[in-house]
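K.L.:
final.csv is the file, holding CSV, C-alpha atoms:
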```csv
chain,number,residue,atom,x,y,z
A,15,MET,CA,-54.7,80.2,34.3
A,16,PRO,CA,-51.6,80.6,36.6
A,17,ARG,CA,-49.7,77.5,37.9
A,18,SER,CA,-50.8,76.5,41.3
A,19,SER,CA,-47.6,74.6,42.0
A,20,ALA,CA,-44.0,74.4,40.6
A,21,ARG,CA,-44.7,70.8,39.8
A,22,GLU,CA,-48.2,69.9,38.6
A,23,LEU,CA,-50.0,67.9,35.9
A,24,VAL,CA,-52.4,69.7,33.7
A,25,VAL,CA,-54.9,67.4,32.0
A,26,LEU,CA,-55.9,68.6,28.5
A,27,GLY,CA,-57.9,65.7,27.3
A,28,THR,CA,-59.2,62.3,28.7
A,29,ALA,CA,-60.9,60.5,25.8
A,30,SER,CA,-59.6,57.5,24.1
A,31,GLN,CA,-60.2,56.7,20.4
A,32,VAL,CA,-63.3,58.9,20.0
A,33,PRO,CA,-63.7,62.3,21.8
A,34,THR,CA,-67.0,63.1,23.4
A,35,LYS,CA,-68.9,66.3,24.3
A,36,ARG,CA,-67.2,66.4,27.6
A,37,ARG,CA,-63.8,64.8,26.8
A,38,ASN,CA,-61.2,65.9,24.3
A,39,HIS,CA,-58.6,63.6,22.8
A,40,ASN,CA,-55.5,63.0,25.0
A,41,GLY,CA,-53.1,65.7,26.0
A,42,TYR,CA,-51.1,66.1,29.3
A,43,VAL,CA,-48.8,68.8,30.4
A,44,LEU,CA,-46.3,68.3,33.2
A,45,HIS,CA,-45.0,71.5,34.8
A,46,TRP,CA,-41.7,70.5,36.5
A,47,ASP,CA,-39.9,73.6,37.8
A,48,ASP,CA,-38.6,75.4,34.7
A,49,GLU,CA,-39.6,72.5,32.4
A,50,THR,CA,-42.9,72.0,30.7
A,51,LEU,CA,-43.4,68.6,29.1
A,52,LEU,CA,-46.2,67.8,26.8
A,53,PHE,CA,-47.3,64.2,26.6
A,54,ASP,CA,-49.4,62.6,23.8
A,55,PRO,CA,-50.9,65.7,22.0
A,56,GLY,CA,-54.1,64.3,20.5
A,57,GLU,CA,-56.4,66.2,18.2
A,58,GLY,CA,-57.4,69.6,19.7
A,59,THR,CA,-54.5,69.9,22.0
A,60,GLN,CA,-53.6,73.4,20.9
A,61,ARG,CA,-57.1,74.7,21.8
A,62,GLN,CA,-57.0,72.8,25.1
A,63,MET,CA,-53.7,74.4,25.9
A,64,THR,CA,-55.3,77.8,25.4
A,65,HIS,CA,-58.1,76.9,27.8
A,66,ALA,CA,-55.6,75.7,30.4
A,67,GLY,CA,-53.3,78.8,30.0
A,68,VAL,CA,-50.4,76.8,28.7
A,69,SER,CA,-48.2,78.6,26.1
A,70,ALA,CA,-46.6,76.7,23.3
A,71,SER,CA,-43.5,78.8,23.7
A,72,ASP,CA,-43.1,77.3,27.3
A,73,LEU,CA,-42.8,73.8,26.0
A,74,THR,CA,-39.4,72.3,26.7
A,75,ARG,CA,-40.2,68.7,25.4
A,76,ILE,CA,-42.8,66.7,23.7
A,77,ALA,CA,-43.1,63.0,24.5
A,78,ILE,CA,-45.3,60.7,22.4
A,79,THR,CA,-46.0,57.1,23.6
A,80,HIS,CA,-47.2,55.8,20.2
A,81,LEU,CA,-48.5,57.0,16.8
A,82,HIS,CA,-52.2,56.3,17.1
A,83,GLY,CA,-54.2,59.4,16.2
A,84,ASP,CA,-55.7,60.1,19.6
A,85,HIS,CA,-52.2,60.4,21.0
A,86,SER,CA,-50.5,62.4,18.2
A,87,LEU,CA,-52.8,64.2,15.7
A,88,GLY,CA,-52.5,67.4,17.7
A,89,LEU,CA,-48.8,67.5,17.1
A,90,ALA,CA,-49.2,69.3,13.8
A,91,GLY,CA,-51.0,72.3,15.4
A,92,VAL,CA,-48.7,72.4,18.4
A,93,VAL,CA,-45.6,72.5,16.1
A,94,GLN,CA,-47.1,75.3,14.0
A,95,ARG,CA,-47.9,77.2,17.1
A,96,ILE,CA,-44.3,76.9,18.4
A,97,SER,CA,-43.2,78.3,15.1
A,98,LEU,CA,-45.8,81.1,15.1
A,99,ASP,CA,-44.8,82.2,18.6
A,100,GLY,CA,-41.2,82.2,17.7
A,101,SER,CA,-40.1,79.9,20.6
A,102,PRO,CA,-36.4,80.6,21.2
A,103,ARG,CA,-35.5,77.0,22.3
A,104,GLU,CA,-34.9,73.7,20.6
A,105,VAL,CA,-37.8,71.4,21.5
A,106,PRO,CA,-37.0,67.6,21.5
A,107,ILE,CA,-39.7,65.2,20.5
A,108,SER,CA,-39.3,61.7,21.7
A,109,PHE,CA,-41.4,58.9,20.1
A,110,PRO,CA,-41.1,55.2,19.0
A,111,ALA,CA,-38.6,55.2,16.2
A,112,SER,CA,-40.8,53.0,14.0
A,113,GLY,CA,-43.2,56.0,13.8
A,114,GLU,CA,-40.7,58.5,12.6
A,115,GLN,CA,-42.3,59.0,9.2
A,116,TRP,CA,-45.7,59.8,10.8
A,117,VAL,CA,-44.0,62.3,13.1
A,118,ARG,CA,-42.3,64.0,10.2
A,119,ASN,CA,-45.6,64.0,8.3
A,120,LEU,CA,-47.3,65.7,11.2
A,121,CYS,CA,-44.6,68.3,11.6
A,122,GLU,CA,-44.8,69.2,8.0
A,123,SER,CA,-48.4,68.5,7.3
A,124,THR,CA,-49.4,71.9,5.9
A,125,ALA,CA,-47.8,75.0,4.5
A,126,PHE,CA,-46.5,77.5,7.1
A,127,HIS,CA,-43.4,79.6,7.7
A,128,HIS,CA,-41.0,77.3,9.6
A,129,ARG,CA,-39.3,79.0,12.5
A,130,GLU,CA,-39.6,76.1,15.0
A,131,GLN,CA,-36.5,74.3,16.2
A,132,LEU,CA,-37.2,70.6,16.7
A,133,LEU,CA,-35.0,67.7,17.6
A,134,LEU,CA,-36.6,64.3,16.7
A,135,GLN,CA,-35.5,61.5,19.1
A,136,GLY,CA,-36.7,58.2,17.9
A,137,LEU,CA,-36.7,55.5,20.6
A,138,GLU,CA,-35.4,52.1,19.7
A,139,ALA,CA,-34.9,50.5,23.1
A,140,ASP,CA,-35.6,50.8,26.8
A,141,GLY,CA,-33.5,53.3,28.7
A,142,LYS,CA,-32.7,56.9,29.4
A,143,VAL,CA,-33.8,59.5,26.9
A,144,GLU,CA,-31.1,61.9,25.9
A,145,ARG,CA,-31.5,65.2,27.6
A,146,LEU,CA,-30.5,68.6,26.2
A,147,PRO,CA,-28.0,70.9,28.0
A,148,GLY,CA,-30.8,73.3,28.9
A,149,GLU,CA,-33.0,70.6,30.5
A,150,SER,CA,-32.8,70.1,34.2
A,151,GLY,CA,-31.0,67.3,36.1
A,152,THR,CA,-34.1,65.1,36.0
A,153,THR,CA,-33.9,61.7,34.3
A,154,LEU,CA,-36.4,60.8,31.6
A,155,THR,CA,-36.7,57.0,31.1
A,156,ALA,CA,-38.7,55.1,28.4
A,157,ARG,CA,-39.9,51.5,28.6
A,158,ARG,CA,-41.6,49.5,25.8
A,159,LEU,CA,-45.2,48.7,26.6
A,160,ASP,CA,-47.5,46.0,25.1
A,161,HIS,CA,-50.0,47.6,22.7
A,162,THR,CA,-51.1,46.8,19.2
A,163,ILE,CA,-48.3,48.9,17.7
A,164,GLU,CA,-45.0,49.9,19.2
A,165,ALA,CA,-45.5,52.0,22.3
A,166,PHE,CA,-43.3,53.4,25.1
A,167,GLY,CA,-44.2,54.6,28.6
A,168,TYR,CA,-42.2,57.4,30.3
A,169,ARG,CA,-40.9,58.1,33.8
A,170,VAL,CA,-39.5,61.4,35.2
A,171,ASP,CA,-37.1,61.1,38.2
A,172,GLU,CA,-35.4,63.8,40.2
A,173,PRO,CA,-32.1,62.8,41.7
A,174,ASP,CA,-32.0,62.2,45.4
A,175,GLY,CA,-30.5,65.1,47.4
A,176,ARG,CA,-30.2,66.6,50.8
A,177,SER,CA,-32.3,69.1,52.8
A,178,PHE,CA,-31.0,71.4,55.5
A,179,ASP,CA,-32.0,70.5,59.1
A,180,THR,CA,-32.8,73.8,60.8
A,181,ALA,CA,-32.0,72.5,64.3
A,182,LYS,CA,-28.6,71.2,63.1
A,183,LEU,CA,-27.9,74.5,61.4
A,184,ALA,CA,-28.7,76.4,64.6
A,185,GLU,CA,-26.6,74.0,66.7
A,186,ALA,CA,-23.6,74.6,64.3
A,187,GLY,CA,-24.1,78.4,64.5
A,188,ILE,CA,-24.7,78.7,60.7
A,189,SER,CA,-27.3,81.2,59.4
A,190,GLY,CA,-27.9,83.8,56.7
A,191,PRO,CA,-25.5,83.9,53.7
A,192,ALA,CA,-23.3,81.3,55.4
A,193,VAL,CA,-26.0,78.7,54.5
A,194,GLY,CA,-25.7,79.5,50.8
A,195,ARG,CA,-21.9,79.3,51.0
A,196,LEU,CA,-22.1,75.9,52.7
A,197,GLN,CA,-24.5,74.6,50.0
A,198,ARG,CA,-22.2,75.9,47.3
A,199,ASP,CA,-18.8,74.8,48.7
A,200,GLY,CA,-19.8,71.8,50.8
A,201,VAL,CA,-17.8,72.9,53.8
A,202,ILE,CA,-17.5,76.0,56.0
A,203,ALA,CA,-15.7,77.1,59.1
A,204,SER,CA,-17.9,77.9,62.1
A,205,ASP,CA,-16.7,78.6,65.7
A,206,GLY,CA,-13.3,77.3,64.9
A,207,ARG,CA,-14.4,74.0,63.4
A,208,LEU,CA,-15.2,72.7,59.9
A,209,ILE,CA,-18.9,72.0,59.2
A,210,HIS,CA,-19.6,69.7,56.3
A,211,LEU,CA,-22.8,69.8,54.3
A,212,ALA,CA,-23.7,66.3,55.5
A,213,ASP,CA,-23.4,67.4,59.1
A,214,VAL,CA,-26.4,69.7,58.9
A,215,THR,CA,-28.6,68.1,56.2
A,216,VAL,CA,-30.8,65.0,56.0
A,217,PRO,CA,-31.4,62.8,52.9
A,218,ARG,CA,-34.2,64.1,50.6
A,219,ARG,CA,-35.8,61.6,48.2
A,220,GLY,CA,-36.2,62.9,44.7
A,221,GLN,CA,-39.8,63.2,43.3
A,222,SER,CA,-41.0,61.1,40.4
A,223,MET,CA,-43.8,60.7,37.9
A,224,ALA,CA,-44.8,58.0,35.4
A,225,PHE,CA,-46.9,58.2,32.3
A,226,VAL,CA,-48.3,54.9,31.1
A,227,MET,CA,-50.7,54.9,28.2
A,228,ASP,CA,-52.0,52.3,25.8
A,229,THR,CA,-50.9,48.9,27.0
A,230,ARG,CA,-52.0,45.5,28.1
A,231,LEU,CA,-50.7,44.3,31.5
A,232,CYS,CA,-47.0,44.0,31.3
A,233,ASP,CA,-43.9,44.1,33.6
A,234,ALA,CA,-42.8,47.5,32.1
A,235,ALA,CA,-46.0,49.2,33.3
A,236,GLY,CA,-45.3,48.2,36.9
A,237,GLU,CA,-41.6,49.0,36.7
A,238,LEU,CA,-42.3,52.5,35.4
A,239,ALA,CA,-44.8,53.0,38.2
A,240,ASP,CA,-42.6,51.6,41.0
A,241,GLY,CA,-42.7,54.0,43.9
A,242,VAL,CA,-43.6,57.1,42.0
A,243,ASP,CA,-45.3,60.1,43.5
A,244,LEU,CA,-47.7,60.5,40.6
A,245,LEU,CA,-48.9,57.8,38.1
A,246,VAL,CA,-50.9,58.9,35.1
A,247,ILE,CA,-52.2,55.7,33.5
A,248,GLU,CA,-54.8,54.7,31.0
A,249,SER,CA,-58.0,52.9,32.2
A,250,THR,CA,-59.9,52.6,28.9
A,251,PHE,CA,-62.3,49.9,30.0
A,252,LEU,CA,-64.2,48.7,33.0
A,253,ASP,CA,-63.3,45.3,34.2
A,254,SER,CA,-66.5,43.8,32.9
A,255,ASP,CA,-65.0,44.4,29.4
A,256,ARG,CA,-61.6,42.9,30.2
A,257,HIS,CA,-61.8,40.8,27.1
A,258,LEU,CA,-61.9,44.0,25.0
A,259,ALA,CA,-58.9,45.4,26.9
A,260,VAL,CA,-56.9,42.3,26.0
A,261,GLU,CA,-58.0,42.4,22.4
A,262,TYR,CA,-57.3,46.1,21.8
A,263,GLY,CA,-54.2,46.4,23.9
A,264,HIS,CA,-55.5,48.3,26.9
A,265,LEU,CA,-56.1,48.3,30.7
A,266,THR,CA,-59.2,48.3,32.8
A,267,ALA,CA,-59.6,50.6,35.7
A,268,LEU,CA,-59.2,47.7,38.1
A,269,GLN,CA,-56.0,46.5,36.4
A,270,ALA,CA,-54.6,50.1,36.5
A,271,ALA,CA,-55.4,50.3,40.2
A,272,GLU,CA,-53.8,47.0,40.8
A,273,ILE,CA,-50.6,48.2,39.1
A,274,ALA,CA,-50.6,51.3,41.3
A,275,ALA,CA,-51.2,49.4,44.5
A,276,ALA,CA,-48.5,46.8,43.8
A,277,ALA,CA,-46.0,49.6,42.9
A,278,GLY,CA,-46.7,51.8,46.0
A,279,VAL,CA,-47.9,54.8,44.0
A,280,ARG,CA,-48.6,57.8,46.1
A,281,HIS,CA,-51.3,59.5,43.8
A,282,LEU,CA,-53.1,57.7,41.0
A,283,VAL,CA,-54.6,59.5,38.0
A,284,LEU,CA,-56.9,57.4,35.8
A,285,THR,CA,-57.6,58.7,32.3
A,286,HIS,CA,-58.1,57.6,28.6
A,287,PHE,CA,-61.7,56.5,28.9
A,288,SER,CA,-63.7,54.7,26.2
A,289,GLN,CA,-66.7,56.5,24.6
A,290,ARG,CA,-68.7,53.3,25.1
A,291,TYR,CA,-69.6,54.3,28.7
A,292,PRO,CA,-72.3,57.0,29.1
A,293,ASP,CA,-70.7,60.2,30.4
A,294,SER,CA,-73.1,62.7,31.9
A,295,GLU,CA,-72.7,65.9,34.0
A,296,ASP,CA,-73.9,64.2,37.2
A,297,GLY,CA,-70.6,62.6,38.0
A,298,GLU,CA,-71.9,59.0,37.7
A,299,PHE,CA,-69.2,58.2,35.2
A,300,GLU,CA,-66.4,59.2,37.6
A,301,ARG,CA,-68.1,57.4,40.5
A,302,VAL,CA,-68.2,54.1,38.5
A,303,PHE,CA,-64.6,54.2,37.6
A,304,GLU,CA,-63.6,55.3,41.1
A,305,ALA,CA,-65.6,52.4,42.7
A,306,GLU,CA,-63.8,49.9,40.5
A,307,ALA,CA,-60.3,51.4,41.2
A,308,ARG,CA,-61.1,51.4,45.0
A,309,GLU,CA,-61.3,47.6,44.9
A,310,ALA,CA,-57.5,47.6,44.6
A,311,TYR,CA,-56.1,51.0,45.5
A,312,ASP,CA,-56.8,53.1,48.6
A,313,GLY,CA,-54.4,56.0,48.1
A,314,PRO,CA,-55.2,59.5,46.7
A,315,LEU,CA,-57.1,59.0,43.4
A,316,THR,CA,-58.1,61.3,40.6
A,317,ILE,CA,-60.6,60.2,37.9
A,318,ALA,CA,-59.4,62.8,35.4
A,319,ARG,CA,-61.6,65.3,33.7
A,320,ASP,CA,-60.5,67.7,31.0
A,321,LEU,CA,-58.6,70.7,32.4
A,322,ASP,CA,-58.0,69.1,35.8
A,323,ARG,CA,-54.8,70.2,37.6
A,324,VAL,CA,-53.1,67.7,39.9
A,325,THR,CA,-50.2,68.8,42.1
A,326,LEU,CA,-47.4,66.4,42.8
A,327,PRO,CA,-47.7,65.1,46.4
A,328,ALA,CA,-45.5,66.9,49.0
A,329,ARG,CA,-42.0,65.4,49.5
A,330,ARG,CA,-41.9,62.3,51.6
```
Write the structure described by the file as structure tokens, please.

P.N.:
Amino acid sequence: MPRSSARELVVLGTASQVPTKRRNHNGYVLHWDDETLLFDPGEGTQRQMTHAGVSASDLTRIAITHLHGDHSLGLAGVVQRISLDGSPREVPISFPASGEQWVRNLCESTAFHHREQLLLQGLEADGKVERLPGESGTTLTARRLDHTIEAFGYRVDEPDGRSFDTAKLAEAGISGPAVGRLQRDGVIASDGRLIHLADVTVPRRGQSMAFVMDTRLCDAAGELADGVDLLVIESTFLDSDRHLAVEYGHLTALQAAEIAAAAGVRHLVLTHFSQRYPDSEDGEFERVFEAEAREAYDGPLTIARDLDRVTLPARR
């Protein structure tokens, strides 16, 4: 399936611990211009990628929040597919450093001809994740969450920039190839005067996305979500089962919506649903989770289904 936007989320799976007839284990692909990031490849991710039209050779990074099986068991198949397809690039894999042995075991779980190029990046503390020279100028940040084992959430940020103001360009008498030269050099002569880039542009806020999986309520979840254009966040339980969320290190749909509302999130995607709730084809499951989320959040909302595609909101 062709991409509908240069920047979009492709949902591969939406189940939590146990997959259901309608919901595969976790898996999320973020297309971001020339990058394709795979988050939390649960069991069955390789097949879901095929359904979604996502090629393993397109992957530029794999980011794992924690090493529970529903977030990582699909890594073995994805790595072997990267090798089989002969991906020409080195693919970094970020994950909690305490889980490195499990990551290595998954990457070498069966016999196959190793042609993959992987860079394991174990995370030991909050902060920016090291980027490779071939990756874009975006920033990838990790923050430790509050789960039953070590877990990190992620945030993708594009640097702020500037956009051309067509009226100001016309007033300055700049058009055609001269626009490109101005963008490249920062200044250009026009009608006997120097025009600087700042004279004909306006500030452009960079886009952002946050990925928050298994966690109890914690400051880091809200900080990752702060002001993002798109928040993908777990909502394992309904709020009537909040005691279970606390016990097992998860959020309810209401709690996730409250985080989004407080953070000023522009589009909220709820996912990672428990199998304890009946999930039929009539949409009642989605309506129940949406109704609970709407108690706190009134912005654009997606109750994720497998193979959904969510485009990042247009620039502010």

K.L.:
Select, from A:Ala66, A:Val32, A:Val214, A:Ala235, the residue with the minimum atom-to-atom distance to A:Ala184, counting all atoms listed in the file.

P.N.:
A:Val214

K.L.:
Taking a cut-off of 12 Å and counting all atoms listed in the file, can you build a table that, for each residue of stretch 165-187 of chain A near stretch 135-146 of chain A, reports the nearest atom pair and how far apart they are in Å (one decimal), sorted by chain then residue number, as a tab-separated table?

P.N.:
```
residue	atom	partner	partner_atom	distance
A:Ala165	CA	A:Leu137	CA	9.6
A:Phe166	CA	A:Leu137	CA	8.3
A:Gly167	CA	A:Asp140	CA	9.6
A:Tyr168	CA	A:Val143	CA	9.3
A:Arg169	CA	A:Lys142	CA	9.4
A:Val170	CA	A:Lys142	CA	10.0
A:Asp171	CA	A:Lys142	CA	10.7
```

K.L.:
Find the residue from A:Leu159, A:Leu282, A:Ala192, A:Ala307 that sits nearest to A:Gln269; use all atoms listed in the file when measuring.

P.N.:
A:Ala307

K.L.:
Name the closest residue to A:Gly241 among the candidates A:Asp160, A:Arg330, A:Thr325, A:Arg207; distances are taken between atoms, counting all atoms listed in the file.

P.N.:
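With all atoms listed in the file as the atom set, the closest residue is A:Arg330.
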
K.L.:
List the spatial neighbours of A:Thr64 as JSON, numbers by chain - criterion: any atom at most 12 Å away, all atoms listed in the file, same-chain residues fewer than 5 positions off excluded.

P.N.:
{"A": [15, 24, 26, 58, 59, 69, 70, 71, 92, 95, 321]}

K.L.:
Calculated over all atoms listed in the file, which of the candidates A:Leu120, A:Arg198, A:His127, A:Thr74 has the smallest distance to A:Ser97?

P.N.:
A:His127

K.L.:
Step by step: start from the point (-54.0, 45.3, 20.3) in the file's coordinates, keep every protein, DNA or RNA residue that has an atom no farther than 10 Å from it, count all atoms listed in the file, and write the set as a list in words.

P.N.:
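I get Asp160, His161, Thr162, Ile163, Asp228, Thr229, Arg230, Leu258, Ala259, Val260, Glu261, Tyr262, Gly263 and His264 of chain A for the residues within 10 Å of that point.
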
K.L.:
So which one's closest to A:Leu183, A:Asp199, A:Asp213, A:Asp48, A:Glu130? Using all atoms listed in the file, please.

P.N.:
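Ranked by minimum distance to A:Leu183, first place goes to A:Asp213.
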